[in-house]
Structures are given as structure tokens and as C-alpha cells.
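Asker: Take this structure first; my questions come after.
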Amino acid sequence: MTAANDQTGLPPAGHDGPMEAQFGPHRFYAGQGGGSEEFRRARFEAADLRGAWFTDCDLTGVTIRDGWLVDVSISGYLSNVTINGVDVTDFVSAELDRRHPERVQFREGQTADDVRAMWDTVERLWAQATERAARLPATAVDQQVNEEWSFAQTLRHLIFITDAWASRTVLDEEMPYHPFGLPQRWYPAADAAALGIDLAAEPGYDEILAVRADRMAVIRRIVAGLTDEGLGRPCRRSPAPGYPDEERTVIDCIAVVMDEEIEHYRFAVRDLAVLESS
């Protein structure tokens, strides 16, 4: 499977990059106030950039020469990333595959049976993660680590993903969005409100778990009825208003769901380890 928003198929780019800037692997436009070209081709010499944050930025062609990189954290789409003359792209990918073999299972999936097996894996992984979260103090599920989503917020985002990329597209439901769903941070608040989503809502964790269980059951029903022939069926609706108007098939949409599930699982267990050690 390959997610419809996966950028692994992007063509190699020179220092000028693609025709348009790419604002992160899961973001299809800059959003209000984004997309500034103020620092394009900027040069920083002997500058104190300690503690700087770069979020959803296109860093294609960036050169860091004789930098002091200590306690540096990088995440995102990688291609031709060279550190001290060594291309570390394949190493990082292989190490992630070793730690998270579900990534390999996802990439190699081709058939309806493969999709069902992938969802079995997703259910098992999230059951384990939810059990880990339950062993922490009750307030931990709402704690953010390094400004990332909390465990509860992550589950709310996956509720939105199911509504948008399964119920709306595959099941052709016009307004399947639950008020507890949490779109991407850059999704316009007015668009979310039009879907009946309350970004200011603070539901209880048990309420979130109940909706999450319902949405996982939706995916279970979808994959149970999949056939190899049905994977290529076109979906006529976009995931939500504002998403690009493009052709999507059932497998395209299901692949996005699976990709989001395994990637957010990876982020969630990373942060659970920090909470467990604190």
C-alpha cells in the first residue's frame, strides 16, 4: 500500500527544489499565514540559533557547514540527507523498519487479505498502547511531550482520519464527522466548524475511547468486506472541504488510514516512553 499523501514518490530535486514548496509530508498547502519565502536562500553565519524550531518547513537544499549540532531532533520526509559526508537516509529508514516492522507490512500490502492483516496489526498495536497509557496517572493522557499531541489528542485525530478517509470517501457519507474529531493543526477553524467539529471541546478520556472504538469498528467492517476487485473502485467524495480535488480509489483512502494509524502509533509510543520515565 502507498498512502495518497505519501511523498516517497517525489522526483529528486536540486537546491531550488520542486516547483512549489512542500510543507511537510502530510500537509498539502501552507494555510493562512504560512508559506513565507522570507528566509529562502538565506545565509546565517556565526548565528546563535539555539532552541530554534522549524515546523512544516521545506528545507530542500539546506546546507549546514561546520555547525554545532548537539541535542538536535529532526523528523520528516528524508531524501539525500548527508551528515559529515555520509548519506544517512537509508540507515534511518532501515532502523525505523527494524523498530516498527508494521511499516514494512504496510508498504508490501497489495491485496484485500493484506489490508485485513494490516488492520489486525493496527488493532493489536493500539490495544497495547492504550494499555500502556492506562497504567500511567490519569492526567498523563492529556500531557503533551515537546509540544506534540497528547495521547488523547492523538486518538481524537485518528477519529477524524476515519471519518474523513473512510466514512466520507469509501462509504460515501456526506457528513460523518464526530464533534470530538481533531483535524490537522493547520486545518482552518472555520472549515472544522462547518463540519460540526468543536476544536475547543475538551471531552473526557472515556468519551474519547468510546468514539475511537466505534470508529475502529467502522474500519473493521470496511476491510472485512473488501475484495481485490473493489480496491480500485473510485471514491467520489473528497475527505473534507479544502482537500485537493483529485481522483482517489478505495485502496488510496484505506492506505491513508493505515499510514496515519501506524505513524501516529510510532509517535504515541515514543511519547509514552517519556511519560513512563518521568
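A note on labels: chains of the C-alpha cells are A, B, ... as shown, every chain counts residues from 1, and ligands are counted from 1 in their shown order.
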Applying 12 Å and only C-alpha atoms, which residues near Gly109 of chain A remain after dropping the ones on its own chain fewer than 2 positions away? List them as a list in words.

Answerer: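 Once the adjacent positions are removed, what remains is Met1, Thr2, Ala3, Glu102, Arg103, Val104, Gln105, Phe106, Arg107, Thr111, Ala112, Asp113, Asp114, Val115, Arg116, Ala117, Met118, Trp119, Asp228, Leu231, Ile251, Ile254, Ala255, Met258 and Asp259 of chain A.
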
Asker: For Ser167 of chain A, please output as a PyMOL selection string all residues within 8 Å (counting only C-alpha atoms; exclusion window: fewer than 5 positions along the same chain).

Answerer: chain A and resi 162+172-173+176+218

Asker: List every residue of segment 11-135 of chain A that DSSP, applied to the backbone, labels as strand (DSSP E), and write the result as a ChimeraX atom specification.

Answerer: /A:82-83,86-87

Asker: Which is closer to Leu209 of chain A than all the others in A:Gly232, A:Gly181, A:Gly31, A:Pro241, using only C-alpha atoms?

Answerer: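 Result for the nearest residue to Leu209 of chain A: A:Gly181.
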
Asker: Write down as number ranges by chain the residues of segment 65-220 of chain A whose backbone DSSP state falls under alpha helix (DSSP H).

Answerer: A: 89-99, 102-108, 112-134, 151-162, 189-194, 205-220

Asker: Name the residues in contact with Ala273 of chain A at a cut-off of 12 Å, using only C-alpha atoms, excluding same-chain residues fewer than 2 positions from it; report them as a PyMOL selection string.

Answerer: chain A and resi 129+132-133+136+140+145+151+266-271+275-278

Asker: Take the residues from that selection and put them in a file with C-alpha atoms, as a PDB file, in the first residue's frame.

Answerer:
```pdb
ATOM      1  CA  ALA A 129      -0.511   1.370  23.501  1.00  0.00           C
ATOM      2  CA  ARG A 132       0.334   1.340  28.499  1.00  0.00           C
ATOM      3  CA  ALA A 133      -1.467   4.663  28.738  1.00  0.00           C
ATOM      4  CA  LEU A 136       0.047   5.947  33.813  1.00  0.00           C
ATOM      5  CA  ALA A 140      -0.836  11.673  31.641  1.00  0.00           C
ATOM      6  CA  VAL A 145       5.629  15.932  25.139  1.00  0.00           C
ATOM      7  CA  PHE A 151      -2.235  10.634  23.758  1.00  0.00           C
ATOM      8  CA  ARG A 266       5.013   5.437  16.424  1.00  0.00           C
ATOM      9  CA  PHE A 267       4.727   8.976  17.781  1.00  0.00           C
ATOM     10  CA  ALA A 268       2.445   7.882  20.617  1.00  0.00           C
ATOM     11  CA  VAL A 269       4.716   5.128  21.952  1.00  0.00           C
ATOM     12  CA  ARG A 270       7.705   7.465  21.642  1.00  0.00           C
ATOM     13  CA  ASP A 271       5.946   9.942  23.934  1.00  0.00           C
ATOM     14  CA  LEU A 275       5.936   9.858  30.289  1.00  0.00           C
ATOM     15  CA  GLU A 276       6.758   6.446  31.745  1.00  0.00           C
ATOM     16  CA  SER A 277      10.267   7.571  32.636  1.00  0.00           C
ATOM     17  CA  SER A 278       9.215  10.860  34.245  1.00  0.00           C
TER      18      SER A 278
END
```

Asker: Name the closest residue to Glu260 of chain A among the candidates A:Tyr77, A:Trp165, A:Tyr205, A:Trp53; distances are taken between atoms, counting only C-alpha atoms.

Answerer: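 Distance minimum relative to Glu260 of chain A lands on A:Trp165.
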
Asker: Could you name the residues that touch Gln153 of chain A at 9 Å or less, counting only C-alpha atoms, but leaving out those on the same chain fewer than 4 positions away, as a PyMOL selection string?

Answerer: chain A and resi 141-142+149+157-158+181-182+208

Asker: Near Arg40 of chain A, counting only C-alpha atoms, which residues have an atom at most 10 Å away, once you skip same-chain residues fewer than 3 positions from it, shown as a VMD selection string?

Answerer: chain A and resid 16 36 to 37 43 58 to 59 62

Asker: With only C-alpha atoms as the atoms that count, which of A:Ala152, A:Leu49, A:Leu125, A:Ala166 lies nearest to Pro239 of chain A?

Answerer: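 Of the candidates, the smallest distance to Pro239 of chain A is held by A:Ala166.
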
Asker: Between atom CA of Gly196 of chain A and atom CA of Pro179 of chain A, measure the distance and give it in Å to one decimal.

Answerer: 5.7 Å
